[in-house]
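So the structure is just underneath, and the comments pick up after that.
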Amino acid sequence: MFFFSALRQYFALSGAQRKFISSGIYAGNRTPREILDFIRPLARFDENIDNTRSQLTKIGCAGLILLFIAAIVAGNEALTPNIASGLVIFTAVLFVGSFLLRWFLSSFDLHNNLRLFVVPVLNTISQDMPENARMIIKLDLRGKTLKSKMINEKHDNPGWFSYPKISTWTYKDYWFSCKAPMVDGSNLFINVEDTVRSRKKTCKSRSGKTKIKTKVKIKHKITAGLAMKTKVYDLSRTDKLQNTFDRVKTKDKPKRKAVTLTARAVSTDVEARLEPSICLDLIGKILMNAAPATAKGA
Amino acid sequence: MENCSMKRGFFFLRPCDHPAHQQCSVCGRYFCAEHLRINPGKNEPVCLDCLGKEMQKPQNREKNDDEIYEPTWCYGYRHSYYSGCHYRPWYLGRRGSADNDNFDGHETRFFDSEVDDNFDDDPNAEDSSFDS
C-alpha cells in the first residue's frame with residue numbers, strides 16, 4: 001500500500017527536508033547536485049503522497065458503498081444482529097477513516113510543480129553548468145492564496161438582499177527563481193510568478209435560491225534570460241525574437257548582452273502544474289537566435 | 001583506453017573526458033561508468049542516451065514516471081526537444097568529425113576556436129545584467 005511506503009519515505013527524510021514540507025520555502029546558493037539531492041527525495045515522497053491520497057479516495061468511496069449495503073443487509077435482518085452491527089461499524093470506520101487520513105495527509109502534500117516543473121528544469125540546467133559551479137535558487141511552495149501574497153481585495157456589495165455580490169481577491173505568487181552560470185560563460189536567469197484571481201459571486205436564481213459561484217484564474221508568467229558574452233556571441237539576430245509571441249527584453253552592457261524572454265500561460269486550477277518545456281523553450285529560442293562571434297581579424 | 005563516447009549537456013554539448021569503462025549493449029559504443037546504467041529487466045549495461053530514448057517511448061512513459069527525477073530523463077528528453085523545437089545544440093569541442101558535427105541526426109553549431117578562450121572569464125562579472 002502506498003501509505004506505508006510514504007510513511008517509510010517520510011522517516012527517511014532529513015530534518016531540513018521535513019522542515020521544507022512544513023514551511024514550503026527553500027533558498028540556497030549551492031551546486032545543482034546538492035540542490036537536486038535535497039529535492040529529489042521530496043519529489044518522490046510527494047508522488048507517493050499523491051498516490052496514497054488517490055488510493056484513500058477510492059477506499060473511502062468503496063467504504064461508503066459497502067456501508068449502504070451493510071445497512072440494507074442489517075435492516076433486512078439477514079444476518080445475526082452482532083455480525084450485522086459489526087459489518088456496519090467496520091464499513092463506517094473504513095469510510096470515515098479513509099477520508100480523515102486523506103485530509104490529514106494533505107498537510108504533507110507539496111505542489112506538483114516541485115516534482116513536475118522544478119526538478120526537470122533544474123535537472124536540465126545542471127547539465128550545462130560548469131563542474132562545481134553554484135546556482136542561486138529560491139522556491140516558495142507555501143500556497144498561492146496565502147493572505148501574505150494578497151495584493152488586492154475588492155468587494156462589490158450592492159446591499160442587503162441585493163444581488164449579485166461579487167468579491168475578488170488577487171494574489172501574486174513569486175514561487176520559483178534561479179540564477180546559474182552556464183558552460184559558455186553566460187548567466188542564466190529563470191523566474192516564475194503566478195497571478196491568481198479568485199472571484200466569488202453570490203447571486204439569486206429565479207426560484208429564489210441563493211447560489212455561490214467561485215472561479216479561479218491563474219496567469220503564469222515565465223521569464224528566462226541569458227546574459228551572454230558579446231565576445232562569444234553575435235547577438236544582432238536576437239531582434240528576430242521580437243516577431244515571436246513571447247515578450248522580449250534586451251539590455252546591453254560593455255561585456256554582455258542580456259536577452260530575456262517572457263512566456264505566459266493561463267490555468268483555472270490552483271493545483272495546475274506548469275510544463276517544464278515552456279521554460280526550456282524560452283532558453284532554446286534565445287540560444288537559437290545567437291550566432292557565434294567572429295574572431296578578431298577574421 | 002579511449003574516452004567515453006557520451007556527449008554531455010543539453011543546450012551545449014561537449015565530450016566527456018572520462019576514460020571509457022564498458023560497452024553499451026544497444027549502440028555498441030564505449031562509455032564511462034557515469035554514463036552507463038544497468039538496463040532494467042535485461043541486466044546489461046546501456047548508455048544514458050539509449051536508456052533515455054527507450055524511456056521516452058510512449059509505451060514506457062507511464063512505467064517510468066520516476067525517471068523524470070533522474071539525469072537519465074535529460075538524455076532522453078534532449079532528443080525529442082531538438083526535434084520538437086528545431087533546436088541545434090552548440091558543440092563545445094573539436095569540429096571536423098562526423099560524430100561531432102552531427103548529434104543523432106541533429107546538426108550541431110560551433111564556436112570559432114579563438115572564441116572558445118573567452119568562455120572562462122569571471123562568471124560574476126556584470127552579474128547585475130538582469131536587474132532593471
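Each chain in the C-alpha cells gets a letter, A, B, ..., in the order shown, and its residues are numbered from 1; ligands are numbered from 1 in order too.
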
- Contacts of Val46 in chain B within 6 Å, only C-alpha atoms, excl. fewer than 5 positions in-chain, as a ChimeraX atom specification: /B:24-25,36-39

Write out the residues from the selection above, keeping C-alpha atoms, as a compact mmCIF listing (two decimals), in the first residue's frame.
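To be explicit, this is the file written out as again13.txt:
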```txt
# COMPACT_ATOMS: atom_id res chain seq x y z
CA CYS B 24 26.65 -0.20 -24.36
CA SER B 25 24.63 -3.30 -25.21
CA LEU B 36 26.22 3.73 -18.11
CA ARG B 37 23.33 2.09 -16.27
CA ILE B 38 22.08 -1.45 -16.00
CA ASN B 39 19.16 -1.90 -18.38
```

- Message: Please identify all residues of chain A having at least one atom at most 7 Å from any atom of chain B, considering only C-alpha atoms, and return them as a PyMOL selection string.
- Response: chain A and resi 40+119-120+123-124+127-128+181+184-185+227+231-232+258+284+288+292+294-295

- Among listed residues A:Ser267, A:Gln55, A:Ser177, A:Asn187, nearest Lys215 in chain A (using only C-alpha atoms):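 Using only C-alpha atoms, Lys215 in chain A sits closest to A:Ser267.
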